[in-house]
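Chemist: I'd like to ask some things about the structure below.
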Amino acid sequence: MKKVYILGLLTISILLVVGCKKSAEQSVGETASATEDTSAFTTLTDVVLDAMLEIRYFGTYNFVGDRIDGYQEPTALLAKRAADSLRAVSDDVISLGYRLKIYDAYRSQKAVDHFVRWAENISDTRMKAYFYPDLDKKLLFPVVAFHTG
């Protein structure tokens, strides 16, 4: 379990570095308009077949305690380049007995806006004991990204 956790954190770090971009108006699971080019994006499990997904923002077991706006299904949408990079990592570590566990991937602006609303509501600390027990919520606000992409 520790191996999976560490690789999950590594994966999130890789995703942040790669910087997946997509229209701020489109959420995971929504249909793209005829003018939007989504060809640069893919569902991670179509590329990394053995990836384990635990998309916590689709459910309520996350630092906010609610399903996050924009998460229409528990899937990981990524830029193809990021997915290909994760496939290479997965291919490398699978032989060592590891698998990638993904908690999040592309995040829409709707989700980011939800996080900002939560961060501004200082009294909402329902999930503090589970996700940030030793931190003052006021200190978390700079950590929450304001824009997607």
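Ordering of the structure tokens sets the chain letters (A, B, ...), residue numbers begin anew at 1 in every chain, and ligands are numbered from 1 in the order given.
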Step one, run DSSP on the backbone; step two, keep only residues of stretch 31-140 of chain A assigned to strand (DSSP E or B); then write them as a list in words.
Modeler: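 Restricting stretch 31-140 of chain A to strand (DSSP E or B) produces Phe41, Thr42, Thr43, Met52, Leu53, Tyr71, Leu77, Leu78, Ala79, Lys101 and Ile102 of chain A.
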Chemist: Within 10 Å of A:Val89, counting only C-alpha atoms, which residues qualify if same-chain residues fewer than 3 places away don't, as a VMD selection string?
Modeler: chain A and resid 7 11 48 83 to 86 92 to 94 99 to 100
Chemist: Got a sec: who's within 12 Å of A:Asn121, counting only C-alpha atoms, leaving out chain neighbours fewer than 3 positions off, as an MDAnalysis selection string?
Modeler: chainID A and resid 64 114:118 124:126 137:138 140:141
